[in-house]
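> My structure is stored as final12.cif, with mmCIF, C-alpha atoms.
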data_run
loop_
_atom_site.label_atom_id
_atom_site.label_comp_id
_atom_site.auth_asym_id
_atom_site.auth_seq_id
_atom_site.Cartn_x
_atom_site.Cartn_y
_atom_site.Cartn_z
CA MET A 15 27.67 -7.13 -14.38
CA SER A 16 26.67 -4.26 -12.09
CA GLN A 17 25.29 -4.85 -8.60
CA PRO A 18 21.78 -6.31 -9.04
CA PHE A 19 18.88 -4.04 -8.11
CA THR A 20 15.15 -4.72 -8.31
CA PHE A 21 12.50 -2.13 -9.03
CA ASN A 22 9.57 -4.54 -8.88
CA VAL A 23 6.55 -2.98 -7.20
CA GLY A 24 5.69 -6.07 -5.17
CA PRO A 25 7.06 -8.19 -3.83
CA ALA A 26 9.62 -5.43 -3.86
CA ALA A 27 13.14 -4.79 -2.60
CA VAL A 28 13.69 -5.59 1.07
CA TYR A 29 15.98 -3.71 3.40
CA PRO A 30 19.50 -5.21 3.51
CA ALA A 31 19.14 -5.43 7.29
CA VAL A 32 16.39 -8.04 6.85
CA ARG A 33 19.14 -10.62 6.35
CA GLN A 34 20.38 -10.00 9.90
CA TYR A 35 16.84 -9.77 11.25
CA LEU A 36 16.13 -13.26 9.86
CA GLN A 37 19.24 -14.66 11.51
CA ASP A 38 18.28 -12.99 14.78
CA ALA A 39 14.75 -14.40 14.56
CA TYR A 40 16.17 -17.90 14.20
CA ASP A 41 18.73 -17.46 16.95
CA GLU A 42 16.16 -15.97 19.33
CA GLY A 43 13.67 -18.79 18.76
CA TRP A 44 10.93 -16.74 17.11
CA LEU A 45 10.29 -19.31 14.37
CA SER A 46 8.74 -21.67 16.93
CA ALA A 47 7.50 -19.16 19.50
CA PRO A 48 4.00 -19.83 20.95
CA HIS A 49 1.54 -17.19 19.84
CA ARG A 50 -0.51 -17.16 23.06
CA GLY A 51 2.36 -16.53 25.44
CA GLU A 52 3.60 -13.33 27.04
CA ARG A 53 6.63 -13.18 24.76
CA PHE A 54 4.50 -12.95 21.63
CA THR A 55 1.99 -10.52 23.12
CA SER A 56 4.89 -8.27 24.11
CA LEU A 57 6.13 -8.42 20.52
CA VAL A 58 2.71 -7.42 19.15
CA ARG A 59 2.44 -4.63 21.70
CA GLN A 60 5.83 -3.28 20.65
CA ALA A 61 5.15 -3.67 16.91
CA VAL A 62 1.89 -1.71 17.19
CA ALA A 63 3.56 0.98 19.29
CA ASP A 64 6.36 1.34 16.72
CA LEU A 65 3.87 1.52 13.85
CA LYS A 66 1.90 4.27 15.55
CA LEU A 67 5.04 6.21 16.49
CA LYS A 68 6.87 6.02 13.17
CA LEU A 69 3.82 6.40 10.87
CA ASN A 70 1.88 8.99 12.93
CA ILE A 71 -1.12 6.72 13.44
CA PRO A 72 -3.47 8.20 16.07
CA GLN A 73 -3.25 6.48 19.43
CA ASP A 74 -7.00 5.81 19.51
CA TYR A 75 -6.88 3.93 16.18
CA THR A 76 -6.73 0.13 16.30
CA VAL A 77 -4.14 -1.92 14.37
CA ILE A 78 -5.02 -5.46 13.28
CA PHE A 79 -2.71 -7.89 11.52
CA THR A 80 -4.05 -9.88 8.56
CA GLY A 81 -2.56 -12.24 5.98
CA SER A 82 -2.53 -9.65 3.18
CA ALA A 83 -4.12 -6.43 1.98
CA THR A 84 -6.52 -8.27 -0.32
CA GLU A 85 -7.85 -10.27 2.62
CA CYS A 86 -9.15 -6.94 3.91
CA TRP A 87 -11.64 -6.79 1.00
CA GLU A 88 -13.52 -9.72 2.53
CA ILE A 89 -13.13 -8.55 6.12
CA LEU A 90 -14.53 -5.10 5.32
CA ALA A 91 -17.42 -6.38 3.22
CA GLN A 92 -18.48 -8.81 5.92
CA GLY A 93 -17.71 -6.71 8.97
CA LEU A 94 -18.50 -3.10 8.03
CA THR A 95 -20.94 -3.38 5.12
CA PRO A 96 -24.33 -4.81 6.08
CA ARG A 97 -25.96 -3.18 3.03
CA ARG A 98 -23.62 -1.79 0.35
CA SER A 99 -20.41 0.06 -0.35
CA PHE A 100 -19.46 2.64 -2.97
CA HIS A 101 -16.15 2.39 -4.84
CA LEU A 102 -14.11 5.01 -6.70
CA TYR A 103 -11.39 3.47 -8.84
CA ASN A 104 -9.20 3.92 -11.94
CA GLY A 105 -7.13 0.73 -12.01
CA GLU A 106 -7.09 -3.02 -11.67
CA PHE A 107 -6.77 -3.25 -7.89
CA GLY A 108 -9.53 -0.76 -7.17
CA LYS A 109 -11.72 -2.60 -9.71
CA LYS A 110 -10.98 -5.96 -8.08
CA TRP A 111 -11.94 -4.57 -4.68
CA PHE A 112 -15.20 -3.29 -6.19
CA ASP A 113 -15.96 -6.60 -7.90
CA TYR A 114 -15.25 -8.62 -4.78
CA ALA A 115 -17.37 -6.35 -2.58
CA ARG A 116 -20.22 -6.52 -5.09
CA ALA A 117 -20.05 -10.33 -5.10
CA LEU A 118 -20.69 -10.27 -1.35
CA ARG A 119 -23.02 -7.25 -1.30
CA PRO A 120 -24.85 -7.13 -4.68
CA GLU A 121 -26.18 -3.59 -4.11
CA THR A 122 -22.65 -2.20 -4.12
CA THR A 123 -21.99 0.55 -6.70
CA GLY A 124 -18.91 2.21 -8.16
CA VAL A 125 -17.55 4.91 -10.44
CA GLN A 126 -14.47 4.56 -12.64
CA PHE A 127 -12.40 7.60 -13.53
CA ASP A 128 -9.59 8.18 -16.02
CA ILE A 129 -5.98 7.74 -14.95
CA ASN A 130 -5.22 11.39 -15.75
CA GLU A 131 -8.32 12.66 -13.98
CA VAL A 132 -8.63 14.10 -10.49
CA PRO A 133 -12.20 13.12 -9.57
CA ASP A 134 -14.65 15.76 -8.38
CA MET A 135 -15.35 14.48 -4.88
CA GLY A 136 -18.35 16.77 -4.53
CA ALA A 137 -20.12 15.17 -7.49
CA LEU A 138 -19.84 11.50 -6.54
CA PRO A 139 -23.25 9.75 -6.38
CA PHE A 140 -22.77 7.78 -3.16
CA VAL A 141 -24.71 9.88 -0.65
CA GLY A 142 -27.57 7.91 0.82
CA GLU A 143 -28.58 6.35 4.07
CA ASP A 144 -28.00 2.85 2.69
CA THR A 145 -24.28 3.38 1.91
CA ASP A 146 -22.16 1.92 4.69
CA LEU A 147 -18.66 2.25 3.28
CA VAL A 148 -17.02 4.55 0.69
CA CYS A 149 -13.91 2.89 -0.76
CA ILE A 150 -10.95 4.45 -2.55
CA THR A 151 -7.49 3.32 -3.61
CA GLN A 152 -5.16 6.06 -2.46
CA ASN A 153 -2.23 4.81 -4.53
CA GLU A 154 -3.26 2.62 -7.46
CA THR A 155 -0.30 0.33 -8.10
CA SER A 156 -1.49 -0.79 -11.54
CA THR A 157 -1.79 2.72 -13.02
CA ALA A 158 0.85 4.58 -10.96
CA THR A 159 -1.72 7.14 -9.83
CA GLN A 160 -2.42 8.76 -6.49
CA ILE A 161 -5.33 10.48 -4.75
CA ARG A 162 -3.82 13.28 -2.74
CA GLU A 163 -4.56 14.43 0.78
CA THR A 164 -6.72 17.43 -0.19
CA HIS A 165 -9.05 15.25 -2.27
CA ILE A 166 -9.37 12.64 0.50
CA LEU A 167 -10.32 15.48 2.86
CA GLN A 168 -12.98 16.71 0.42
CA LEU A 169 -14.41 13.20 0.28
CA PHE A 170 -14.27 12.73 4.05
CA ASN A 171 -16.19 15.96 4.60
CA ARG A 172 -19.26 14.71 2.71
CA LEU A 173 -19.55 11.15 3.97
CA GLY A 174 -22.69 11.59 6.02
CA GLY A 175 -23.15 8.37 7.98
CA ALA A 176 -20.82 6.30 5.83
CA LEU A 177 -17.28 5.28 6.71
CA LEU A 178 -14.29 5.96 4.44
CA ALA A 179 -11.99 3.01 3.66
CA VAL A 180 -8.63 3.51 1.94
CA ASP A 181 -6.44 0.98 0.16
CA ALA A 182 -2.93 2.27 0.82
CA THR A 183 -1.10 -0.89 -0.16
CA SER A 184 1.67 0.80 -2.13
CA SER A 185 1.87 3.98 -0.03
CA LEU A 186 1.50 2.87 3.59
CA ALA A 187 4.89 3.47 5.27
CA GLY A 188 5.99 5.50 2.25
CA LEU A 189 3.75 8.57 2.39
CA ASN A 190 2.90 10.73 5.38
CA LEU A 191 -0.76 9.75 5.35
CA LYS A 192 -3.31 11.70 7.38
CA PHE A 193 -5.03 8.82 9.10
CA ILE A 194 -7.63 10.95 10.86
CA LYS A 195 -9.17 11.73 7.45
CA ALA A 196 -10.47 8.17 6.98
CA ASP A 197 -11.89 5.36 9.09
CA VAL A 198 -10.10 2.38 7.54
CA TRP A 199 -6.60 2.08 6.07
CA TYR A 200 -4.91 -1.09 4.96
CA GLY A 201 -1.81 -2.33 3.15
CA SER A 202 0.75 -5.12 2.88
CA VAL A 203 4.35 -5.18 4.03
CA GLN A 204 5.94 -6.26 0.71
CA LYS A 205 6.00 -2.73 -0.69
CA CYS A 206 6.90 0.39 1.32
CA PHE A 207 7.71 -1.55 4.49
CA GLY A 208 10.64 -3.24 2.70
CA LEU A 209 9.72 -6.72 3.93
CA PRO A 210 8.85 -10.12 2.42
CA ALA A 211 5.18 -10.73 1.61
CA GLY A 212 2.84 -12.51 4.00
CA LEU A 213 1.51 -9.85 6.40
CA GLY A 214 -1.23 -7.25 6.09
CA VAL A 215 -1.88 -4.23 8.30
CA LEU A 216 -5.47 -3.06 8.88
CA ILE A 217 -6.01 0.24 10.72
CA LEU A 218 -9.42 1.20 12.15
CA SER A 219 -10.70 4.47 13.58
CA PRO A 220 -12.90 4.53 16.69
CA ARG A 221 -15.90 5.03 14.38
CA ALA A 222 -14.97 1.91 12.43
CA VAL A 223 -14.51 -0.12 15.63
CA ALA A 224 -17.95 1.00 16.84
CA LYS A 225 -19.48 0.05 13.49
CA ALA A 226 -17.83 -3.38 13.58
CA LYS A 227 -19.32 -4.01 17.01
CA GLU A 228 -22.73 -2.89 15.77
CA VAL A 229 -22.64 -5.16 12.69
CA ASN A 230 -21.23 -7.94 14.91
CA ASP A 231 -20.11 -10.34 12.18
CA ARG A 232 -19.75 -13.64 14.05
CA ALA A 233 -20.34 -15.87 11.02
CA HIS A 234 -16.80 -15.74 9.64
CA TYR A 235 -13.51 -16.96 11.03
CA ASN A 236 -11.69 -13.68 10.44
CA GLY A 237 -14.59 -11.49 11.45
CA LEU A 238 -13.79 -8.11 12.96
CA PRO A 239 -15.36 -8.73 16.40
CA ALA A 240 -13.06 -11.73 16.97
CA ALA A 241 -10.03 -9.84 15.66
CA LEU A 242 -10.77 -6.80 17.84
CA SER A 243 -11.35 -8.93 20.90
CA ASN A 244 -8.05 -10.75 20.47
CA MET A 245 -6.09 -7.55 19.83
CA LEU A 246 -7.19 -6.26 23.22
CA ASN A 247 -4.81 -8.94 24.51
CA HIS A 248 -2.24 -8.27 21.75
CA GLN A 249 -3.11 -11.56 20.06
CA THR A 250 -4.68 -12.71 16.80
CA ASN A 251 -7.69 -14.99 16.34
CA TYR A 252 -5.66 -17.25 14.02
CA THR A 253 -2.15 -18.67 14.09
CA PRO A 254 -0.23 -15.55 13.06
CA ASN A 255 2.80 -14.86 10.94
CA VAL A 256 5.06 -14.49 13.95
CA LEU A 257 8.14 -14.02 11.79
CA GLY A 258 6.43 -11.30 9.74
CA ILE A 259 5.40 -9.40 12.87
CA TYR A 260 8.92 -9.75 14.29
CA LEU A 261 10.46 -8.39 11.07
CA LEU A 262 7.95 -5.54 11.00
CA SER A 263 8.83 -4.58 14.56
CA ARG A 264 12.55 -4.58 13.76
CA VAL A 265 12.13 -2.51 10.60
CA MET A 266 9.89 0.08 12.25
CA ALA A 267 12.24 0.43 15.23
CA ASP A 268 15.18 1.12 12.91
CA ARG A 269 13.47 3.41 10.40
CA GLU A 270 13.29 7.18 10.37
CA PRO A 271 9.92 8.82 11.15
CA ILE A 272 7.55 8.88 8.19
CA LYS A 273 7.89 12.64 7.65
CA ALA A 274 11.55 12.25 6.70
CA VAL A 275 10.93 9.08 4.67
CA ALA A 276 8.09 10.67 2.71
CA GLN A 277 10.07 13.82 1.90
CA HIS A 278 12.97 11.76 0.60
CA LEU A 279 10.66 9.72 -1.65
CA ALA A 280 8.92 12.87 -2.92
CA ASP A 281 12.22 14.49 -3.84
CA ARG A 282 13.45 11.35 -5.55
CA ALA A 283 10.18 10.90 -7.47
CA GLN A 284 10.39 14.44 -8.80
CA LYS A 285 13.92 13.85 -10.07
CA LEU A 286 12.83 10.65 -11.81
CA TYR A 287 9.82 12.28 -13.46
CA ASP A 288 11.97 15.22 -14.59
CA PHE A 289 14.53 12.82 -16.06
CA PHE A 290 12.03 10.72 -18.01
CA GLU A 291 10.30 13.79 -19.40
CA GLN A 292 13.54 14.45 -21.29
CA ALA A 293 14.79 12.67 -24.38
CA THR A 294 14.29 9.06 -23.34
CA PRO A 295 12.31 6.37 -25.19
CA LEU A 296 9.99 6.10 -22.19
CA GLN A 297 7.74 8.89 -20.97
CA PRO A 298 5.70 9.23 -17.76
CA LEU A 299 2.45 7.30 -18.06
CA ILE A 300 0.50 9.96 -16.18
CA ALA A 301 0.53 13.38 -17.81
CA ASN A 302 -1.41 15.10 -15.02
CA HIS A 303 1.17 15.96 -12.35
CA ASP A 304 -1.55 16.11 -9.67
CA ALA A 305 -2.50 12.49 -10.37
CA ARG A 306 1.00 10.99 -10.43
CA SER A 307 2.06 8.53 -7.77
CA THR A 308 5.06 9.29 -5.60
CA THR A 309 5.87 5.66 -4.79
CA VAL A 310 5.14 3.94 -8.14
CA ILE A 311 6.62 5.62 -11.21
CA GLY A 312 4.74 4.58 -14.35
CA LEU A 313 6.50 4.87 -17.72
CA GLN A 314 5.04 4.18 -21.14
CA GLY A 315 6.43 3.28 -24.54
CA GLU A 316 5.98 1.05 -27.56
CA PRO A 317 5.79 -2.68 -26.70
CA ALA A 318 8.94 -3.49 -28.67
CA ILE A 319 11.03 -0.84 -26.95
CA ILE A 320 9.62 -1.88 -23.57
CA GLU A 321 10.82 -5.43 -24.13
CA GLU A 322 14.21 -4.24 -25.34
CA ILE A 323 14.70 -1.95 -22.34
CA LYS A 324 13.69 -4.65 -19.86
CA ARG A 325 16.10 -7.11 -21.49
CA LYS A 326 19.04 -4.70 -21.56
CA ALA A 327 18.31 -3.56 -18.02
CA ALA A 328 18.30 -7.17 -16.81
CA GLU A 329 21.69 -7.70 -18.44
CA ALA A 330 22.92 -4.68 -16.49
CA GLY A 331 21.59 -6.12 -13.24
CA LEU A 332 18.44 -3.98 -13.09
CA THR A 333 15.04 -5.68 -12.80
CA LEU A 334 12.30 -3.31 -13.96
CA GLY A 335 8.72 -3.78 -12.85
CA SER A 336 6.33 -4.90 -15.59
CA GLY A 337 3.06 -3.22 -16.43
CA TYR A 338 -0.19 -4.66 -15.12
CA GLY A 339 -3.46 -5.67 -16.75
CA PRO A 340 -4.26 -3.76 -19.97
CA LEU A 341 -1.05 -1.75 -19.53
CA LYS A 342 1.21 -4.78 -19.28
CA SER A 343 2.89 -4.55 -22.70
CA THR A 344 3.10 -0.75 -22.94
CA THR A 345 4.38 0.26 -19.51
CA VAL A 346 7.03 -0.40 -16.91
CA ARG A 347 6.67 0.48 -13.26
CA ILE A 348 9.51 1.67 -11.04
CA ALA A 349 9.16 1.15 -7.28
CA ASN A 350 10.18 4.32 -5.46
CA PHE A 351 9.94 2.57 -2.11
CA PRO A 352 12.03 3.32 0.99
CA ALA A 353 14.04 0.08 0.73
CA VAL A 354 15.13 0.94 -2.84
CA SER A 355 18.45 2.67 -2.31
CA ASP A 356 19.61 5.93 -3.83
CA ALA A 357 22.44 3.91 -5.39
CA ALA A 358 19.86 1.78 -7.19
CA MET A 359 18.09 4.87 -8.52
CA GLU A 360 21.36 6.35 -9.70
CA ALA A 361 22.23 3.07 -11.46
CA LEU A 362 18.86 3.17 -13.20
CA VAL A 363 19.38 6.72 -14.44
CA GLN A 364 22.91 5.98 -15.61
CA PHE A 365 21.66 2.93 -17.50
CA PHE A 366 19.26 5.10 -19.51
CA VAL A 367 21.90 7.80 -20.01
CA LYS A 368 24.32 5.25 -21.38
CA GLU A 369 21.88 3.29 -23.54
CA TYR A 370 19.25 5.75 -24.70
CA VAL A 371 20.00 9.42 -24.01
CA THR A 372 21.79 11.24 -26.82
CA VAL A 373 23.59 14.47 -26.00
#
For the structure just supplied, provide its representation as structure tokens.


Amino acid sequence: MSQPFTFNVGPAAVYPAVRQYLQDAYDEGWLSAPHRGERFTSLVRQAVADLKLKLNIPQDYTVIFTGSATECWEILAQGLTPRRSFHLYNGEFGKKWFDYARALRPETTGVQFDINEVPDMGALPFVGEDTDLVCITQNETSTATQIRETHILQLFNRLGGALLAVDATSSLAGLNLKFIKADVWYGSVQKCFGLPAGLGVLILSPRAVAKAKEVNDRAHYNGLPAALSNMLNHQTNYTPNVLGIYLLSRVMADREPIKAVAQHLADRAQKLYDFFEQATPLQPLIANHDARSTTVIGLQGEPAIIEEIKRKAAEAGLTLGSGYGPLKSTTVRIANFPAVSDAAMEALVQFFVKEYVTV
């Protein structure tokens, strides 16, 4: 059997160095480190500094650690949305965010668009004094689609008094995101950070921080005022995932700057799309090149061939990511994340060449 590789989109492949980081964390006593002491606050300070440096996060933006990206749905609805939010979505995760926000704020509205569509940001019906938060999923993991920088800028330019919140779960630390073009960004570390699940990263602009203080949600344990207050001292308002923060700090210190990482992923994604547009039994799920994700490659085919390919790939030591929701039986998803090696991608291509490409 070939060397095993995983292309799951989350939890996804972790960096090989994580094995050593885990040993170091044990040897250095991080697994039982107090989370109110100077040692931990120094770790948080360093982790935030590394995040801002390596991902080009503005210095005046605030980083908060959460348990997961999906926890941010609740935090944002309670802490930044006293009236209602507006949601633009085309997949299962954007829809779940919309549904959850609407359960907490019943006046919340949303618009669904097709997976091959680039939405007209100038025509969206969210403008109004009673809209607090406009919500988009920058990289929709379930449909392998992406809203690109120019469209986010178009949306940002017509917000009025609303804030713009962006789910970047499967692109944060993979794409060179322009953080100044939105007020809220969030994601989890089990995708482009190349780490085990269990830690979320929430990034707030000065406008979002001011809004959180104005709303002043003190009724919930993980409310933003408490989180912001604690982060002033480089602490959390709950017992944190110390190991996760330690691993994040180690990974960010060792990684290349995001500009280099993003270019590598973009080049690799283009090669994969070009390959699967040839004579293979799977074709790109998204026909519109401007809507295709860089970090999640969606491929479609007949259910029977999908099952056959996944089985044969597993026998060759390659774990392909399954489809999600309505697309589960007709698609596979390939994680083009930084921790997925070039050797893994080459093994994937050679598997298809050997099994399915006829010359």

> Where does the PyMOL selection byres ((chain A and resi 193-198) around 6) land in this file, that is, which residues does it pick, as number ranges by chain?

A: 177-180, 191-192, 199, 217-219, 222

> So which residues are close to (19.7, 2.8, 10.7), meaning at most 12 Å away in the file's coordinates with all atoms listed in the file counted, and can you show them as JSON, numbers by chain?

{"A": [29, 30, 31, 32, 264, 265, 266, 267, 268, 269, 270, 271, 353]}

> For the contact check between segment 188-261 of chain A and segment 89-113 of chain A, emit one row per residue of segment 188-261 of chain A within 6 Å, containing the shortest atom pair and the distance in Å rounded to one decimal, counting only C-alpha atoms, chain then rising number order, as a tab-separated table.


residue	atom	partner	partner_atom	distance
A:Ala226	CA	A:Leu94	CA	5.6
A:Asp231	CA	A:Gly93	CA	5.4
A:Leu238	CA	A:Gly93	CA	5.8

> Report as a PyMOL selection string all protein, DNA and RNA residues lying within 10 Å of Leu334 of chain A, evaluated on only C-alpha atoms, omitting residues in the same chain fewer than 4 positions from it.

chain A and resi 19-23+323-325+327-328+346-349+362

> Taking the file as shown, what set of residues would the PyMOL selection byres ((chain A and resi 62) around 12) give back, as a PyMOL selection string?

chain A and resi 55-61+63-79+215-217+245-246+248-249+259-260+262-264+266-267

> May I have the residues within 8 Å of Thr308 of chain A as an NGL selection string, using only C-alpha atoms and disregarding those fewer than 3 positions away in the same chain?

:A and (160 or 279-280 or 283 or 311 or 350)

> Print the selection's residues with C-alpha atoms to a file, as a PDB file, in the coordinates of the input.


ATOM      1  CA  GLN A 160      -2.420   8.760  -6.490  1.00  0.00           C
ATOM      2  CA  LEU A 279      10.660   9.720  -1.650  1.00  0.00           C
ATOM      3  CA  ALA A 280       8.920  12.870  -2.920  1.00  0.00           C
ATOM      4  CA  ALA A 283      10.180  10.900  -7.470  1.00  0.00           C
ATOM      5  CA  ILE A 311       6.620   5.620 -11.210  1.00  0.00           C
ATOM      6  CA  ASN A 350      10.180   4.320  -5.460  1.00  0.00           C
TER       7      ASN A 350
END

> So, with all atoms listed in the file as the atoms that count, which of A:Asn153, A:Thr345, A:Ala187, A:Met135 lies closest to Asn171 of chain A?

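Closest to Asn171 of chain A, using all atoms listed in the file: A:Met135.
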
> Identify, on the basis of only C-alpha atoms, every residue whose closest approach to Val28 of chain A does not exceed 10 Å; exclude the query and any residue fewer than 4 positions from it along the same chain; express the result as a ChimeraX atom specification.

/A:20,32-33,203-211,351-354

> Taking C-alpha atoms for each residue, export the selection above as an mmCIF file, in the coordinates of the input.


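In the end it all went to result_4.cif:
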data_model
loop_
_atom_site.group_PDB
_atom_site.id
_atom_site.type_symbol
_atom_site.label_atom_id
_atom_site.label_comp_id
_atom_site.auth_asym_id
_atom_site.auth_seq_id
_atom_site.Cartn_x
_atom_site.Cartn_y
_atom_site.Cartn_z
ATOM 1 C CA THR A 20 15.150 -4.720 -8.310
ATOM 2 C CA VAL A 32 16.390 -8.040 6.850
ATOM 3 C CA ARG A 33 19.140 -10.620 6.350
ATOM 4 C CA VAL A 203 4.350 -5.180 4.030
ATOM 5 C CA GLN A 204 5.940 -6.260 0.710
ATOM 6 C CA LYS A 205 6.000 -2.730 -0.690
ATOM 7 C CA CYS A 206 6.900 0.390 1.320
ATOM 8 C CA PHE A 207 7.710 -1.550 4.490
ATOM 9 C CA GLY A 208 10.640 -3.240 2.700
ATOM 10 C CA LEU A 209 9.720 -6.720 3.930
ATOM 11 C CA PRO A 210 8.850 -10.120 2.420
ATOM 12 C CA ALA A 211 5.180 -10.730 1.610
ATOM 13 C CA PHE A 351 9.940 2.570 -2.110
ATOM 14 C CA PRO A 352 12.030 3.320 0.990
ATOM 15 C CA ALA A 353 14.040 0.080 0.730
ATOM 16 C CA VAL A 354 15.130 0.940 -2.840
#

> So, with all atoms listed in the file as the atoms that count, which of A:Asn251, A:Leu332, A:Asp356, A:Val371 lies closest to Glu291 of chain A?

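Selected residue with least distance to Glu291 of chain A: A:Val371.
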
> Just the number, please: distance in Å from atom CA of Lys326 of chain A to atom CA of Thr344 of chain A, one decimal.

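Rounded to one decimal, the two atoms are 16.5 Å apart.
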
> Around the point (-2.1, 2.3, -13.5), in the coordinates given by the file, pick out the residues reaching within 10 Å, counting only C-alpha atoms, and return them as a PDB file with C-alpha atoms, in the coordinates of the input.


ATOM      1  CA  ASN A 104      -9.200   3.920 -11.940  1.00  0.00           C
ATOM      2  CA  GLY A 105      -7.130   0.730 -12.010  1.00  0.00           C
ATOM      3  CA  GLU A 106      -7.090  -3.020 -11.670  1.00  0.00           C
ATOM      4  CA  PHE A 107      -6.770  -3.250  -7.890  1.00  0.00           C
ATOM      5  CA  ASP A 128      -9.590   8.180 -16.020  1.00  0.00           C
ATOM      6  CA  ILE A 129      -5.980   7.740 -14.950  1.00  0.00           C
ATOM      7  CA  ASN A 130      -5.220  11.390 -15.750  1.00  0.00           C
ATOM      8  CA  ASN A 153      -2.230   4.810  -4.530  1.00  0.00           C
ATOM      9  CA  GLU A 154      -3.260   2.620  -7.460  1.00  0.00           C
ATOM     10  CA  THR A 155      -0.300   0.330  -8.100  1.00  0.00           C
ATOM     11  CA  SER A 156      -1.490  -0.790 -11.540  1.00  0.00           C
ATOM     12  CA  THR A 157      -1.790   2.720 -13.020  1.00  0.00           C
ATOM     13  CA  ALA A 158       0.850   4.580 -10.960  1.00  0.00           C
ATOM     14  CA  THR A 159      -1.720   7.140  -9.830  1.00  0.00           C
ATOM     15  CA  GLN A 160      -2.420   8.760  -6.490  1.00  0.00           C
ATOM     16  CA  LEU A 299       2.450   7.300 -18.060  1.00  0.00           C
ATOM     17  CA  ILE A 300       0.500   9.960 -16.180  1.00  0.00           C
ATOM     18  CA  ARG A 306       1.000  10.990 -10.430  1.00  0.00           C
ATOM     19  CA  SER A 307       2.060   8.530  -7.770  1.00  0.00           C
ATOM     20  CA  VAL A 310       5.140   3.940  -8.140  1.00  0.00           C
ATOM     21  CA  ILE A 311       6.620   5.620 -11.210  1.00  0.00           C
ATOM     22  CA  GLY A 312       4.740   4.580 -14.350  1.00  0.00           C
ATOM     23  CA  LEU A 313       6.500   4.870 -17.720  1.00  0.00           C
ATOM     24  CA  GLY A 337       3.060  -3.220 -16.430  1.00  0.00           C
ATOM     25  CA  TYR A 338      -0.190  -4.660 -15.120  1.00  0.00           C
ATOM     26  CA  GLY A 339      -3.460  -5.670 -16.750  1.00  0.00           C
ATOM     27  CA  PRO A 340      -4.260  -3.760 -19.970  1.00  0.00           C
ATOM     28  CA  LEU A 341      -1.050  -1.750 -19.530  1.00  0.00           C
ATOM     29  CA  LYS A 342       1.210  -4.780 -19.280  1.00  0.00           C
ATOM     30  CA  THR A 345       4.380   0.260 -19.510  1.00  0.00           C
ATOM     31  CA  ARG A 347       6.670   0.480 -13.260  1.00  0.00           C
TER      32      ARG A 347
END

> When you count all atoms listed in the file, which of these residues is closest to Ala361 of chain A: A:Ser184, A:Pro18, A:Ser82, A:Gln126?

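Nearest to Ala361 of chain A: A:Pro18.
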
> Let me make sure I understand: among A:Arg116, A:Gly188, A:Pro48, A:Asp304, which one has the smallest atom-to-atom distance to Gln277 of chain A if we use all atoms listed in the file?

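Using all atoms listed in the file, the shortest distance to Gln277 of chain A belongs to A:Gly188.
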
> Suppose you want the space between atom CA of Leu257 of chain A and atom CA of Leu36 of chain A; what is it in Å?

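Atom CA of Leu257 of chain A sits 8.3 Å away from atom CA of Leu36 of chain A.
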
> To one decimal in Å, tell me the separation between atom CA of Gly51 of chain A and atom CA of Tyr252 of chain A.

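We find that atom CA of Gly51 of chain A and atom CA of Tyr252 of chain A lie 14.0 Å from each other.
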